[in-house]
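Asker: Before anything else, here's the structure in question.
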Amino acid sequence: MQIFPSFNYGYSTYDPDKEIPNLEGKVILVTGANSGIGYKTAEMLVSKGAKVGTISEWPVTIEAQEAEARDETRGKAAVQSIQDSISSLSSAGSVIWLPLDLSTPQATKAGADAFLRHENRLDVLIHNAGMQVKGYSTVSEGGLTFNKIMSTNHLGSFVLTQELMPVLKRTAEEPNSDVRIVVVASKMHIRVPEKPDFRNLEGWNARKGDGVVDSGARYAVTKLANVLFARELQTRLDAENIPITCISLSPGLVSTEGPRNAIKSGIFSYLVKIFLAVLALTPLQGSFTTLFAATSPKIKTEPTKYKGSYLQPFNRLTEASAFAKDKQLADDLWACSEEVAEICLKGYQPPA
């Protein structure tokens, strides 16, 4: 693959075709793989022999029943496209699609249960799914109401990881295992304007404005939560001597549906599309840091260097923000996430 320059990140010499090892026998789960970074991540992993489950979040702007049907159509189309792209590769693995709605703990648990009905091992869990949305919206479950973008971008990943932790731990106990949890965050986590309050839902729901500034700040807070979660999860796994590596990362500025559709009409929409075309990475280029975090042999040979780390393009170890390294914030976020998930899941009924 040709070396290419990026205005924001310099030159990349990373070639996934050459640097990703043979993944035969590995089971990898990628959320949000209908399109963009997630799709390219899944496609490359399957091409290297992995069995990949692609779980995709439902759209959040249309009615639930319509959203479910549309997402299933897109998800299955993505799987078929990946299958077509690897059909000539004798070493290719396989790919299946599973539904997932990350907006509430019960819906997330249903997605985890669907995966566990198919697989009894999990080598890599990639939290790629997320949403960018203008305007304030909420979801309710278990008598609780919470900020929808925080629930989708953070709480969904938290619950999915907790539900899949038993199979992750079992896989990690096997000889020569290399189990990883990769959380796709964003450089936006450094732009959180003030220290958030993660102790309770009042803190999660504190910023309620509908404007661009408030919407951007809410998104940045969820990306901070991603980095805090990955670091705290690593701390807790290390305390139990469980050999699982957790990494959070920024994929860079990538021309995907989220940024392209952030402003839907008018002159600013046109300018955003020009800006992305000139300065943003392609979805394949945007997948490089995720692919490195999920598969690089360097990470297994240098675990202390990478455990709990934060990466930026292209595969560079980078210091996370001061808030992202705040242990009290991490503890508050974990405790509240755990409490909210427990309350919401009390009434869980597995899908028929």
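Identifiers in this document derive from the order of the structure tokens: chains are assigned A, B, ..., residues are numbered from 1 separately in each chain, and ligands are numbered from 1 in order of occurrence.
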Find the residues around A:Arg121 up to 9 Å (only C-alpha atoms counted), leave out those fewer than 2 positions away in its own chain, and share them as an NGL selection string.
Answerer: :A and (26-27 or 116 or 119 or 123 or 167-168 or 170-171)
Asker: Any chance you could list, as a PyMOL selection string, the residues in stretch 66-140 of chain A that come up strand (DSSP E) when DSSP is run on the backbone?
Answerer: chain A and resi 94-100+124-127+138-140
Asker: If you run DSSP on the backbone, which residues of stretch 10-190 of chain A are helix (DSSP H, G or I), as a PyMOL selection string?
Answerer: chain A and resi 16-19+36-47+64-86+105-118+148-172+187-190
Asker: When you count only C-alpha atoms, which of these residues is closest to A:His189: A:Glu319, A:Glu342, A:Asp332, A:Glu19?
Answerer: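 Under the stated criterion, the closest residue is A:Glu319.
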Asker: Restricting the calculation to only C-alpha atoms: of A:Ala33, A:Asp84, A:Pro196, A:Thr152, which residue gets closest to A:Leu98?
Answerer: A:Ala33
Asker: Show which residues sit within 8 Å of stretch 177-179 of chain A, as a ChimeraX atom specification. Count only C-alpha atoms, and ignore same-chain residues fewer than 3 positions away.
Answerer: /A:122-124,168,171-174,243-245,300
Asker: Output C-alpha atoms for every residue in the selection just made, as a PDB file, in the first residue's frame.
Answerer:
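out.pdb, written as the output of this step:
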ATOM      1  CA  LEU A 122     -13.957 -13.771  21.761  1.00  0.00           C
ATOM      2  CA  ASP A 123     -10.403 -12.645  21.012  1.00  0.00           C
ATOM      3  CA  VAL A 124     -10.953  -8.969  20.242  1.00  0.00           C
ATOM      4  CA  LEU A 168     -13.363 -12.683  27.072  1.00  0.00           C
ATOM      5  CA  THR A 171     -10.526 -16.899  25.940  1.00  0.00           C
ATOM      6  CA  ALA A 172      -7.738 -15.085  27.796  1.00  0.00           C
ATOM      7  CA  GLU A 173      -7.085 -18.226  29.879  1.00  0.00           C
ATOM      8  CA  GLU A 174      -6.188 -20.253  26.802  1.00  0.00           C
ATOM      9  CA  PRO A 243      -4.188 -10.901  30.605  1.00  0.00           C
ATOM     10  CA  ILE A 244      -6.441  -8.646  28.535  1.00  0.00           C
ATOM     11  CA  THR A 245      -5.148  -5.475  26.885  1.00  0.00           C
ATOM     12  CA  LYS A 300       1.628  -8.516  22.715  1.00  0.00           C
TER      13      LYS A 300
END
Asker: From the set A:Leu155, A:Leu45, A:Ala185, A:Ile190, which residue has the shortest atom-to-atom contact distance to A:Thr295, counting only C-alpha atoms?
Answerer: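 Closest residue, counting only C-alpha atoms: A:Leu45.
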Asker: So that I can see what lies close to A:Leu164, please list as a VMD selection string the residues with an atom at most 10 Å from it, counting only C-alpha atoms and leaving out residues fewer than 5 positions away in the same chain.
Answerer: chain A and resid 109 112 to 113 115 to 116 121 to 122 125 159 169
Asker: Tell me which of A:Cys246, A:Ala324, A:Ala110, A:Leu281 sits closest to A:Ile299, counting only C-alpha atoms.
Answerer: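 Looking only at the distances to A:Ile299, the closest residue turns out to be A:Cys246.
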Asker: Give me the residues near A:Val192 as a PyMOL selection string, where near means some atom within 12 Å (using only C-alpha atoms) and where sequence neighbours in that chain fewer than 2 positions away do not count.
Answerer: chain A and resi 186-190+194-197+207+213-225+321-324
